[in-house]
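Next comes target_17.txt, with compact mmCIF, N, CA and C atoms.
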# COMPACT_ATOMS: atom_id res chain seq x y z
N MET A 24 -14.11 -87.61 33.35
CA MET A 24 -14.54 -88.99 33.29
C MET A 24 -13.66 -89.84 34.20
N GLU A 25 -14.28 -90.75 34.85
CA GLU A 25 -13.50 -91.62 35.72
C GLU A 25 -12.90 -92.78 34.92
N ASP A 26 -11.79 -93.28 35.39
CA ASP A 26 -11.13 -94.40 34.73
C ASP A 26 -11.70 -95.70 35.28
N LEU A 27 -12.29 -96.51 34.43
CA LEU A 27 -12.88 -97.77 34.84
C LEU A 27 -12.00 -98.95 34.47
N GLY A 28 -10.87 -98.70 33.82
CA GLY A 28 -9.97 -99.77 33.43
C GLY A 28 -10.40 -100.48 32.17
N LYS A 29 -9.47 -101.19 31.54
CA LYS A 29 -9.71 -102.00 30.34
C LYS A 29 -10.43 -101.24 29.22
N GLY A 30 -10.13 -99.97 29.07
CA GLY A 30 -10.72 -99.19 27.99
C GLY A 30 -12.15 -98.77 28.22
N LEU A 31 -12.68 -99.02 29.41
CA LEU A 31 -14.07 -98.65 29.71
C LEU A 31 -14.12 -97.24 30.29
N ARG A 32 -15.25 -96.59 30.10
CA ARG A 32 -15.46 -95.24 30.64
C ARG A 32 -16.83 -95.16 31.27
N SER A 33 -17.04 -94.11 32.00
CA SER A 33 -18.33 -93.87 32.62
C SER A 33 -19.42 -93.80 31.54
N GLN A 34 -20.63 -94.19 31.87
CA GLN A 34 -21.70 -94.18 30.88
C GLN A 34 -22.61 -92.96 31.00
N THR A 35 -22.09 -91.89 31.55
CA THR A 35 -22.84 -90.65 31.62
C THR A 35 -22.89 -90.03 30.23
N GLY A 36 -24.06 -89.69 29.75
CA GLY A 36 -24.20 -89.12 28.42
C GLY A 36 -24.23 -87.60 28.45
N THR A 37 -23.86 -86.98 27.35
CA THR A 37 -23.93 -85.53 27.21
C THR A 37 -24.84 -85.23 26.03
N LEU A 38 -25.97 -84.63 26.33
CA LEU A 38 -26.97 -84.27 25.33
C LEU A 38 -27.42 -82.83 25.57
N TYR A 39 -27.91 -82.18 24.55
CA TYR A 39 -28.53 -80.88 24.74
C TYR A 39 -29.54 -80.67 23.63
N GLY A 40 -30.34 -79.66 23.75
CA GLY A 40 -31.31 -79.34 22.71
C GLY A 40 -31.69 -77.88 22.79
N THR A 41 -32.05 -77.33 21.63
CA THR A 41 -32.56 -75.96 21.56
C THR A 41 -33.81 -75.97 20.70
N LEU A 42 -34.62 -74.97 20.86
CA LEU A 42 -35.82 -74.88 20.02
C LEU A 42 -35.44 -74.67 18.56
N ALA A 43 -34.37 -73.94 18.32
CA ALA A 43 -33.96 -73.65 16.94
C ALA A 43 -33.36 -74.87 16.24
N LYS A 44 -32.53 -75.64 16.95
CA LYS A 44 -31.82 -76.75 16.31
C LYS A 44 -32.34 -78.12 16.68
N GLY A 45 -33.07 -78.25 17.77
CA GLY A 45 -33.54 -79.55 18.21
C GLY A 45 -32.50 -80.25 19.06
N PRO A 46 -32.70 -81.54 19.34
CA PRO A 46 -31.76 -82.27 20.21
C PRO A 46 -30.43 -82.54 19.52
N ARG A 47 -29.39 -82.63 20.32
CA ARG A 47 -28.06 -82.96 19.82
C ARG A 47 -27.42 -83.93 20.81
N TYR A 48 -26.87 -85.01 20.29
CA TYR A 48 -26.15 -86.00 21.10
C TYR A 48 -24.66 -85.71 20.95
N LEU A 49 -23.95 -85.60 22.06
CA LEU A 49 -22.52 -85.37 22.01
C LEU A 49 -21.73 -86.59 22.43
N GLU A 50 -22.20 -87.25 23.48
CA GLU A 50 -21.54 -88.47 23.94
C GLU A 50 -22.58 -89.32 24.64
N LEU A 51 -22.58 -90.60 24.30
CA LEU A 51 -23.52 -91.57 24.89
C LEU A 51 -22.74 -92.77 25.38
N ALA A 52 -23.42 -93.75 25.89
CA ALA A 52 -22.75 -94.95 26.40
C ALA A 52 -21.91 -95.62 25.32
N GLU A 53 -22.34 -95.57 24.04
CA GLU A 53 -21.58 -96.20 22.96
C GLU A 53 -20.25 -95.51 22.72
N GLY A 54 -20.20 -94.19 22.91
CA GLY A 54 -18.96 -93.46 22.70
C GLY A 54 -19.20 -92.00 22.32
N TYR A 55 -18.15 -91.39 21.80
CA TYR A 55 -18.14 -89.99 21.39
C TYR A 55 -18.88 -89.89 20.05
N ILE A 56 -19.91 -89.08 19.99
CA ILE A 56 -20.73 -88.95 18.78
C ILE A 56 -20.03 -88.04 17.79
N THR A 57 -19.79 -88.54 16.57
CA THR A 57 -19.11 -87.75 15.54
C THR A 57 -20.08 -87.17 14.51
N LYS A 58 -21.17 -87.88 14.23
CA LYS A 58 -22.17 -87.41 13.26
C LYS A 58 -23.56 -87.84 13.71
N LEU A 59 -24.54 -87.00 13.44
CA LEU A 59 -25.94 -87.37 13.63
C LEU A 59 -26.58 -87.56 12.26
N ALA A 60 -27.43 -88.55 12.15
CA ALA A 60 -28.19 -88.80 10.92
C ALA A 60 -29.58 -88.21 11.10
N LEU A 61 -30.00 -87.39 10.16
CA LEU A 61 -31.31 -86.76 10.23
C LEU A 61 -32.17 -87.21 9.06
N ASP A 62 -33.48 -87.30 9.30
CA ASP A 62 -34.40 -87.62 8.21
C ASP A 62 -34.85 -86.33 7.52
N GLU A 63 -35.81 -86.43 6.62
CA GLU A 63 -36.31 -85.27 5.86
C GLU A 63 -36.91 -84.20 6.76
N ASN A 64 -37.40 -84.59 7.94
CA ASN A 64 -38.01 -83.65 8.87
C ASN A 64 -37.01 -83.07 9.87
N GLY A 65 -35.75 -83.42 9.73
CA GLY A 65 -34.73 -82.92 10.65
C GLY A 65 -34.69 -83.66 11.97
N GLU A 66 -35.34 -84.83 12.03
CA GLU A 66 -35.35 -85.61 13.27
C GLU A 66 -34.22 -86.64 13.24
N ILE A 67 -33.63 -86.90 14.41
CA ILE A 67 -32.51 -87.83 14.52
C ILE A 67 -32.98 -89.25 14.27
N THR A 68 -32.29 -89.94 13.36
CA THR A 68 -32.61 -91.34 13.07
C THR A 68 -31.47 -92.29 13.45
N GLY A 69 -30.31 -91.74 13.73
CA GLY A 69 -29.17 -92.56 14.11
C GLY A 69 -27.96 -91.68 14.33
N TYR A 70 -26.85 -92.32 14.66
CA TYR A 70 -25.62 -91.57 14.87
C TYR A 70 -24.41 -92.46 14.65
N GLN A 71 -23.28 -91.81 14.40
CA GLN A 71 -21.99 -92.48 14.26
C GLN A 71 -21.18 -92.13 15.51
N TYR A 72 -20.45 -93.10 16.04
CA TYR A 72 -19.71 -92.87 17.27
C TYR A 72 -18.33 -93.51 17.20
N VAL A 73 -17.45 -93.06 18.09
CA VAL A 73 -16.13 -93.65 18.26
C VAL A 73 -16.03 -94.10 19.71
N LYS A 74 -15.65 -95.36 19.92
CA LYS A 74 -15.43 -95.89 21.26
C LYS A 74 -14.07 -95.39 21.74
N MET A 75 -14.10 -94.34 22.55
CA MET A 75 -12.87 -93.65 22.93
C MET A 75 -11.94 -94.50 23.79
N GLY A 76 -12.45 -95.19 24.78
CA GLY A 76 -11.61 -95.97 25.67
C GLY A 76 -10.81 -97.03 24.94
N PRO A 77 -11.48 -97.94 24.20
CA PRO A 77 -10.73 -98.95 23.44
C PRO A 77 -9.80 -98.36 22.39
N MET A 78 -10.22 -97.24 21.77
CA MET A 78 -9.37 -96.61 20.78
C MET A 78 -8.08 -96.11 21.43
N MET A 79 -8.18 -95.46 22.56
CA MET A 79 -7.01 -94.94 23.25
C MET A 79 -6.09 -96.07 23.73
N GLU A 80 -6.69 -97.17 24.15
CA GLU A 80 -5.89 -98.33 24.56
C GLU A 80 -5.06 -98.86 23.39
N ASP A 81 -5.67 -98.95 22.20
CA ASP A 81 -4.94 -99.43 21.03
C ASP A 81 -3.83 -98.46 20.62
N ILE A 82 -4.10 -97.17 20.73
CA ILE A 82 -3.08 -96.18 20.39
C ILE A 82 -1.91 -96.29 21.36
N LYS A 83 -2.21 -96.47 22.64
CA LYS A 83 -1.13 -96.64 23.63
C LYS A 83 -0.29 -97.88 23.36
N LYS A 84 -0.90 -98.90 22.76
CA LYS A 84 -0.18 -100.13 22.44
C LYS A 84 0.60 -100.03 21.13
N GLY A 85 0.51 -98.87 20.45
CA GLY A 85 1.31 -98.65 19.25
C GLY A 85 0.54 -98.64 17.94
N MET A 86 -0.77 -98.83 17.97
CA MET A 86 -1.55 -98.79 16.72
C MET A 86 -1.58 -97.37 16.17
N ASP A 87 -1.55 -97.25 14.86
CA ASP A 87 -1.69 -95.95 14.21
C ASP A 87 -3.03 -95.35 14.58
N ALA A 88 -3.05 -94.05 14.86
CA ALA A 88 -4.27 -93.38 15.32
C ALA A 88 -5.40 -93.46 14.29
N ASN A 89 -5.07 -93.28 13.00
CA ASN A 89 -6.10 -93.36 11.97
C ASN A 89 -6.72 -94.75 11.89
N GLU A 90 -5.87 -95.77 12.01
CA GLU A 90 -6.36 -97.14 12.01
C GLU A 90 -7.23 -97.42 13.24
N ALA A 91 -6.83 -96.88 14.39
CA ALA A 91 -7.60 -97.07 15.62
C ALA A 91 -8.98 -96.42 15.52
N VAL A 92 -9.04 -95.23 14.93
CA VAL A 92 -10.33 -94.56 14.76
C VAL A 92 -11.25 -95.40 13.88
N LYS A 93 -10.73 -95.90 12.77
CA LYS A 93 -11.54 -96.73 11.87
C LYS A 93 -12.02 -98.00 12.56
N LYS A 94 -11.13 -98.63 13.32
CA LYS A 94 -11.47 -99.88 14.01
C LYS A 94 -12.57 -99.68 15.05
N HIS A 95 -12.58 -98.55 15.72
CA HIS A 95 -13.51 -98.33 16.83
C HIS A 95 -14.66 -97.38 16.50
N THR A 96 -14.92 -97.18 15.21
CA THR A 96 -16.06 -96.36 14.78
C THR A 96 -17.23 -97.28 14.44
N GLY A 97 -18.40 -96.92 14.92
CA GLY A 97 -19.60 -97.69 14.64
C GLY A 97 -20.78 -96.76 14.46
N SER A 98 -21.93 -97.32 14.19
CA SER A 98 -23.14 -96.50 14.04
C SER A 98 -24.32 -97.19 14.70
N TYR A 99 -25.35 -96.40 14.94
CA TYR A 99 -26.54 -96.89 15.62
C TYR A 99 -27.77 -96.35 14.90
N GLY A 100 -28.82 -97.11 14.91
CA GLY A 100 -30.07 -96.67 14.30
C GLY A 100 -30.03 -96.78 12.79
N ARG A 101 -30.78 -95.92 12.13
CA ARG A 101 -30.85 -95.91 10.67
C ARG A 101 -29.84 -94.90 10.11
N PHE A 102 -28.60 -95.02 10.54
CA PHE A 102 -27.57 -94.07 10.15
C PHE A 102 -27.34 -94.06 8.64
N ALA A 103 -27.27 -95.21 8.03
CA ALA A 103 -26.97 -95.31 6.60
C ALA A 103 -28.09 -94.76 5.71
N ASP A 104 -29.31 -94.66 6.25
CA ASP A 104 -30.46 -94.23 5.44
C ASP A 104 -30.81 -92.75 5.62
N ALA A 105 -29.91 -91.96 6.15
CA ALA A 105 -30.22 -90.56 6.47
C ALA A 105 -30.36 -89.69 5.23
N ALA A 106 -31.19 -88.67 5.36
CA ALA A 106 -31.33 -87.66 4.32
C ALA A 106 -30.20 -86.64 4.44
N LYS A 107 -29.68 -86.48 5.67
CA LYS A 107 -28.64 -85.48 5.92
C LYS A 107 -27.81 -85.91 7.13
N TYR A 108 -26.52 -85.63 7.09
CA TYR A 108 -25.62 -85.90 8.22
C TYR A 108 -25.10 -84.56 8.74
N ILE A 109 -25.02 -84.42 10.05
CA ILE A 109 -24.49 -83.18 10.63
C ILE A 109 -23.50 -83.50 11.73
N ASP A 110 -22.63 -82.53 11.99
CA ASP A 110 -21.74 -82.59 13.15
C ASP A 110 -22.50 -81.92 14.29
N PRO A 111 -22.85 -82.62 15.36
CA PRO A 111 -23.68 -82.03 16.40
C PRO A 111 -23.01 -80.89 17.15
N ARG A 112 -21.72 -80.71 17.01
CA ARG A 112 -21.02 -79.63 17.70
C ARG A 112 -21.01 -78.33 16.89
N HIS A 113 -21.36 -78.41 15.60
CA HIS A 113 -21.29 -77.23 14.74
C HIS A 113 -22.59 -76.88 14.04
N GLU A 114 -23.52 -77.80 13.97
CA GLU A 114 -24.77 -77.51 13.25
C GLU A 114 -25.96 -77.69 14.16
When written as structure tokens, how does the structure in this file appear?
Amino acid sequence: MEDLGKGLRSQTGTLYGTLAKGPRYLELAEGYITKLALDENGEITGYQYVKMGPMMEDIKKGMDANEAVKKHTGSYGRFADAAKYIDPRHE
């Protein structure tokens, strides 16, 4: 990833999909994807992400890493209404 300054990073996304598991989001413009939210049919309805650039900037400034992760974690879509949550790197 290229350094864009001020905690920003390139907006190139990393996605993949298989016939057996379906699509998986690993990293998007919002940040590093930590969990995918799936509905009853196994379709993606949202995701949870961590904004890596701003998080790393706060850690460099002395913030506790656990606090930085909490501060820079967000979600997109219908994440809270999921039937199931998965780690896209393992499931």
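Put simply, atom CA of A:Glu50 is 10.5 Å away from atom CA of A:Gln71.
For the atom pair formed by atom CA of A:Leu51 and atom CA of A:Ser98, the distance is 11.9 Å, given to one decimal.
Counting from atom CA of A:Lys58, the distance to atom CA of A:Tyr72 is 7.2 Å.
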Just want the 9 Å neighbourhood of A:Leu61, counted on only C-alpha atoms, with same-chain residues fewer than 4 positions away dropped. Output as a compact mmCIF listing (two decimals) with N, CA and C atoms, in the coordinates of the input.
# COMPACT_ATOMS: atom_id res chain seq x y z
N GLY A 65 -35.75 -83.42 9.73
CA GLY A 65 -34.73 -82.92 10.65
C GLY A 65 -34.69 -83.66 11.97
N GLU A 66 -35.34 -84.83 12.03
CA GLU A 66 -35.35 -85.61 13.27
C GLU A 66 -34.22 -86.64 13.24
N ILE A 67 -33.63 -86.90 14.41
CA ILE A 67 -32.51 -87.83 14.52
C ILE A 67 -32.98 -89.25 14.27
N THR A 68 -32.29 -89.94 13.36
CA THR A 68 -32.61 -91.34 13.07
C THR A 68 -31.47 -92.29 13.45
N GLY A 69 -30.31 -91.74 13.73
CA GLY A 69 -29.17 -92.56 14.11
C GLY A 69 -27.96 -91.68 14.33
N TYR A 70 -26.85 -92.32 14.66
CA TYR A 70 -25.62 -91.57 14.87
C TYR A 70 -24.41 -92.46 14.65
N PHE A 102 -28.60 -95.02 10.54
CA PHE A 102 -27.57 -94.07 10.15
C PHE A 102 -27.34 -94.06 8.64
N ASP A 104 -29.31 -94.66 6.25
CA ASP A 104 -30.46 -94.23 5.44
C ASP A 104 -30.81 -92.75 5.62
N ALA A 105 -29.91 -91.96 6.15
CA ALA A 105 -30.22 -90.56 6.47
C ALA A 105 -30.36 -89.69 5.23
N ALA A 106 -31.19 -88.67 5.36
CA ALA A 106 -31.33 -87.66 4.32
C ALA A 106 -30.20 -86.64 4.44
N LYS A 107 -29.68 -86.48 5.67
CA LYS A 107 -28.64 -85.48 5.92
C LYS A 107 -27.81 -85.91 7.13
N TYR A 108 -26.52 -85.63 7.09
CA TYR A 108 -25.62 -85.90 8.22
C TYR A 108 -25.10 -84.56 8.74
N ILE A 109 -25.02 -84.42 10.05
CA ILE A 109 -24.49 -83.18 10.63
C ILE A 109 -23.50 -83.50 11.73
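Among the candidates A:Lys44, A:Val73, A:Tyr99, A:Lys94, the one nearest to A:Ile56 when counting only C-alpha atoms is A:Val73.
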